[in-house]
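Q: What follows is a single structure, and I will ask about it in a moment.
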There are 2 protein chains.
Amino acid sequence: MSAILQNVSTSLSASTSTFVGHNNLKVIKPSHVSMAGRMSAVVKCVASPSAEKTAYKTNVARNENLAKLQAGYLFPEIARRRNAHIAKNPDAKVISLGIGDTTEPIPEVITSAMSKRSEVLSTVAGYSGYGAEQGEQKLRAAIASTYYAGLGIEENDIFVSDGAKSDISRLQVLFGSNVTMAVQDPSYPAYVDSSVILGQTGLFQKDVEKYANIEYMRCTPENGFFPDLSTVRRTDIIFFCSPNNPTGSAASREQLTKLVQFAKENGSIIVYDSAYAMYVSDDSPRSIFEIPGAKEVSLEVSSFSKYAGFTGVRLGWTAIPKELHYSDGFPVAKDFNRIVCTCFNGASNIAQAGGLACVSPEGIKAMHEVVGFYKENTAIIVDTFNSLGFKVYGGKNAPYVWVHFPGRSSWDVFSEILEKTHVVTTPGSGFGPGGEGFVRVSAFGHRENVIEACRRFKELYK
Amino acid sequence: MSAILQNVSTSLSASTSTFVGHNNLKVIKPSHVSMAGRMSAVVKCVASPSAEKTAYKTNVARNENLAKLQAGYLFPEIARRRNAHIAKNPDAKVISLGIGDTTEPIPEVITSAMSKRSEVLSTVAGYSGYGAEQGEQKLRAAIASTYYAGLGIEENDIFVSDGAKSDISRLQVLFGSNVTMAVQDPSYPAYVDSSVILGQTGLFQKDVEKYANIEYMRCTPENGFFPDLSTVRRTDIIFFCSPNNPTGSAASREQLTKLVQFAKENGSIIVYDSAYAMYVSDDSPRSIFEIPGAKEVSLEVSSFSKYAGFTGVRLGWTAIPKELHYSDGFPVAKDFNRIVCTCFNGASNIAQAGGLACVSPEGIKAMHEVVGFYKENTAIIVDTFNSLGFKVYGGKNAPYVWVHFPGRSSWDVFSEILEKTHVVTTPGSGFGPGGEGFVRVSAFGHRENVIEACRRFKELYK
């Protein structure tokens with residue numbers, strides 16, 4: 001029961017958007033501070049501007065790009081609906097397989113390193129102040145040798161960060177307002193939102209559910225979740241996530257070779273998100289840099305969040321090859337270094353101590369165990385939907401299962417599952433119009449919750 | 001000796017810029033990873049674009065705003081000169097009173113909270129994943145009641161961050177490219193640099209050492225380090241730091257009342273940086289919100305860095321009153337919430353546990369002891385320069401001493417001090433043209449180093 005509540009609580013926190021509706025949620029316990037935090041932030045933010053007409057206004061114009069963002073955004077909308085459901089069914093044991101938040105403890109070999117680093121900060125010998133904005137050299141070196149051995153990525157190409165979401169935003173600041181971008185459709189919403197905020201896009205087009213001036217690269221079962229590049233317009237930047245969130249699909253070596261070739265022909269830069277690389281089970285590449293020539297057209301963003309349960313600890317990295325240049329020959333890494341030094345002051349030294357433990361031999365083993373645990377969850381979910389006759393994608397190389405409900409609205413299916421099984425999933429259309437007709441089921445969850453959720457799925461769809 | 005080396009090492013890390021020159025530094029020890037990190041980042045970044053003419057280039061244009069930034073930037077330039085000095089004088093016991101990096105251990109009451117939080121993350125009961133992007137509610141509440149009691153700032157107005165530098169950059173993203181801004185001259189370089197990166201400014205004007213389209217508000221001994229607002233052009237945003245970095249001057253209640261009035265008349269938004277508020281000894285305001293009406297025209301950025309030695313742990317906050325609105329009546333906090341949720345995923349939960357300990361009764365006492373220690377250093381430095389007949393400013397309400405060398409170039413004085421005393425300071429002109437003729441001496445340092453530095457100053461200027 002406590003675990004279930006914890007799921008409910010933590011699942012509120014991973015949204016890339018803001019407007020969580022006010023609610024009457026009754027399961028908040030004192031320990032659930034993050035939920036409480038989220039909930040009250042709300043009260044402030046749902047205040048309608050019109051209600052404050054008499055208040056003093058500055059003469060500063062609101063940033064028009066922020067006004068373009070859609071208010072009815074994915075994760076808050078899910079939270080709203082779930083909370084309404086809980087209010088209506090206060091005794092329901094709600095299970096969240098919605099947002100991709102980790103649930104398993106961090107391996108002890110990693111937490112003990114962070115604990116020790118914390119302790120020595122109270123000693124004269126162990127204290128350290130500002131670290132390098134790019135991260136501690138030992139960690140940069142260990143990330144390079146762990147994830148990019150033999151790929152020509154060296155320690156100085158690694159920029160340690162407080163997580164992939166922050167780095168995606170810093171990359172948008174790096175590129176600025178005048179670039180064009182492409183995303184997989186469906187895709188992780190932060191790519192598009194940060195692009196809108198930086199002013200790279202036009203307005204949201206309600207009829208097609210897309211922002212103007214973004215190239216949406218449709219990824220469907222028909223094309224093996226890899227876009228038909230012959231129909232893709234040239235853009236400056238191509239965001240590409242593999243293994244993919246939300247489809248769970250990993251691009252093959254052949255597909256990524258085509259992508260790199262496409263980028264090279266167009267002179268584009270691929271921002272490759274490899275946050276789920278350790279979930280790859282087959283011989284799909286773990287890094288874009290496994291593809292020959294990729295270093296001239298790609299950079300890579302990654303994270304310890306889903307490997308070590310670092311969603312709350314916050315640690316990731318971006319790898320930018322020396323070979324990546326702007327059209328005037330200026331190295332991209334040099335400008336990103338400037339961004340990191342001006343807009344960021346390095347990841348927490350305690351989190352970095354944890355990161356160093358992650359990439360120690362013991363830590364790597366422990367991370368593989370965490371990943372293995374979630375992949376067992378994935379297998380349970382995949383088997384369940386397969387046994388019910390659904391077409392199921394993803395799962396094999398990712399902690400996400402992408403279930404097809406042909407001809408149905410994602411939101412309708414979401415509601416049906418929530419109402420009838422008290423399980424929270426994520427409607428595919430929330431990741432872009434290409435996700436319509438799908439539901440994403442996350443494998444992050446305690447085992448007993450995953451089994452119980454699957455039992456309920458079987459009851460609903462038998 | 002080890003303490004001295006540590007100073008040298010850590011003083012490299014707080015720059016807001018990038019280009020640290022290559023060097024032959026011989027004092028690097030294995031434990032000084034942050035310096036090693038910085039040093040090798042360099043090798044990559046000093047590669048001149050012209051040397052890479054034959055390399056593949058993408059067709060992505062370099063962000064023109066990044067090209068506007070000046071390469072010969074303050075802190076890297078200092079590092080370059082210091083390193084050259086060390087190379088020339090390998091046996092010199094160099095002391096850094098340059099960059100404002102803390103040196104004293106973090107109080108045990110705070111580190112033990114972080115250590116415990118680290119440990120419980122390896123337990124099922126204690127594990128937590130994504131937290132609220134705005135920070136844990138308990139911490140938001142404690143910050144509000146500790147720093148804003150009775151000022152009408154509530155827990156939901158507090159956005160916990162990974163430090164003030166990151167928040168300044170997120171605020172620039174919030175405001176976007178079309179706003180105009182003013183800064184104190186001299187001021188902390190991150191305000192100007194982040195403004196340049198976001199495209200709010202014109203080119204750097206070499207003749208006046210200013211970026212076009214930024215209003216530099218001159219702060220000198222003649223005006224009590226408070227700008228003559230009758231000569232200040234209206235801007236959308238006014239960055240204002242008090243107690244000030246680098247001048248060490250704290251604005252009085254009367255002065256801040258004028259500033260708020262000025263902002264109100266112009267409909268401007270004040271971004272008030274109160275990162276040194278706990279250093280205030282007299283009755284100068286600790287927060288802009290002590291000024292009646294300030295909440296309608298101000299937000300405030302702050303940090304635990306200089307209170308608890310959190311420069312490496314990374315924790316700060318931004319307070320945005322509900323009363324602050326754009327010209328269309330839209331609440332500024334609501335858009336900032338969206339920025340925080342899209343471009344950030346919350347500060348490290350371990351750092352937040354430390355923050356909560358900081359604002360416990362024991363933690364507040366411990367922070368005051370840390371602040372008190374550095375203020376004793378300040379008094380030693382102030383007395384030294386006073387005894388030598390210099391005009392000395394700051395120090396009383398800040399950890400910075402601003403020493404006047406009328407008619408001399410800041411860089412010349414910096415070099416003279418470095419060459420003759422092996423002490424690293426910061427040339428005032430690096431903080432803007434208004435800093436010319438001054439040198440900033442930081443009070444962050446171990447006591448024996450501060451005393452030794454002062455002994456050398458006395459020898460040089462007796």
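Labeling convention for the structure tokens: chains A, B, ... as they appear, residues from 1 per chain, ligands from 1 in order of appearance.
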Contacts of region 99-106 of chain B at 7 Å or less, counting only C-alpha atoms, minus same-chain residues fewer than 4 places along, as a PyMOL selection string?
A: (chain A and resi 121-124+127+129-130) or (chain B and resi 10-11+14+110-111+306+308-309+311+442+444-446)
Q: With only C-alpha atoms as the counted atoms, please give the residues lying no more than 12 Å from Ser284 (chain A), apart from itself and same-chain residues fewer than 5 positions off, as a PyMOL selection string.
A: chain A and resi 242-243+249-257+274+276-279+290-291+396-398
Q: Based on DSSP run over this structure's backbone, return all residues of region 240-303 of chain B in helix (DSSP H, G or I), as a PyMOL selection string.
A: chain B and resi 253-266+277-279+288-290+294-296
Q: Please compute the CA of Leu174 (chain B)-CA of Ala347 (chain B) distance, one decimal, in Å.
A: 18.4 Å
Q: Give me the residues within 12 Å of Gly152 (chain A) as a list in words, counting only C-alpha atoms and dropping any in the same chain fewer than 5 places off.
A: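 Contacts, in chain order: Ala144, Ser145, Tyr147, Asp157, Ile158, Ser287, Ile288, Phe289, Glu290, Ile291, Pro292, Gly293, Ala294, Lys295, Glu296, Ala319, Ile320, Pro321, Lys322 and Glu323 of chain A.
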Q: Restricting the calculation to only C-alpha atoms: of A:Asn449, A:Glu419, A:Ala353, A:Glu362, which residue gets closest to Ser118 (chain A)?
A: A:Ala353
Q: Pick from B:Arg338, B:Lys68, B:His422, B:Lys391: nearest to Val196 (chain A), with only C-alpha atoms counted?
A: B:Arg338
Q: What lies within 6 Å of Met367 (chain A) using only C-alpha atoms, ignoring chain neighbours under 2 positions off, as a PyMOL selection string?
A: chain A and resi 307-308+364-365+369-370
Q: Please save N, CA and C atoms of the selected residues as a PDB file, in the first residue's frame.
A:
```pdb
ATOM      1  N   TYR A 307      19.418   4.368 -15.118  1.00  0.00           N
ATOM      2  CA  TYR A 307      20.360   3.259 -14.899  1.00  0.00           C
ATOM      3  C   TYR A 307      20.560   3.009 -13.405  1.00  0.00           C
ATOM      4  N   ALA A 308      20.600   4.118 -12.662  1.00  0.00           N
ATOM      5  CA  ALA A 308      20.968   4.003 -11.246  1.00  0.00           C
ATOM      6  C   ALA A 308      19.886   4.567 -10.334  1.00  0.00           C
ATOM      7  N   ILE A 364      28.823  -0.546 -12.241  1.00  0.00           N
ATOM      8  CA  ILE A 364      28.295  -0.965 -13.555  1.00  0.00           C
ATOM      9  C   ILE A 364      27.481  -2.243 -13.393  1.00  0.00           C
ATOM     10  N   LYS A 365      28.026  -3.165 -12.598  1.00  0.00           N
ATOM     11  CA  LYS A 365      27.315  -4.415 -12.326  1.00  0.00           C
ATOM     12  C   LYS A 365      25.963  -4.098 -11.656  1.00  0.00           C
ATOM     13  N   GLU A 369      22.011  -4.644 -12.900  1.00  0.00           N
ATOM     14  CA  GLU A 369      20.986  -5.345 -12.127  1.00  0.00           C
ATOM     15  C   GLU A 369      19.699  -4.520 -12.044  1.00  0.00           C
ATOM     16  N   VAL A 370      19.852  -3.210 -11.845  1.00  0.00           N
ATOM     17  CA  VAL A 370      18.675  -2.339 -11.818  1.00  0.00           C
ATOM     18  C   VAL A 370      17.959  -2.404 -13.173  1.00  0.00           C
TER      19      VAL A 370
END
```
Q: Find the residue from A:Ser112, A:Asn245, A:Ser327, A:Thr384 that sits nearest to Gly363 (chain A); use only C-alpha atoms when measuring.
A: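 Using only C-alpha atoms, the shortest distance to Gly363 (chain A) belongs to A:Ser112.
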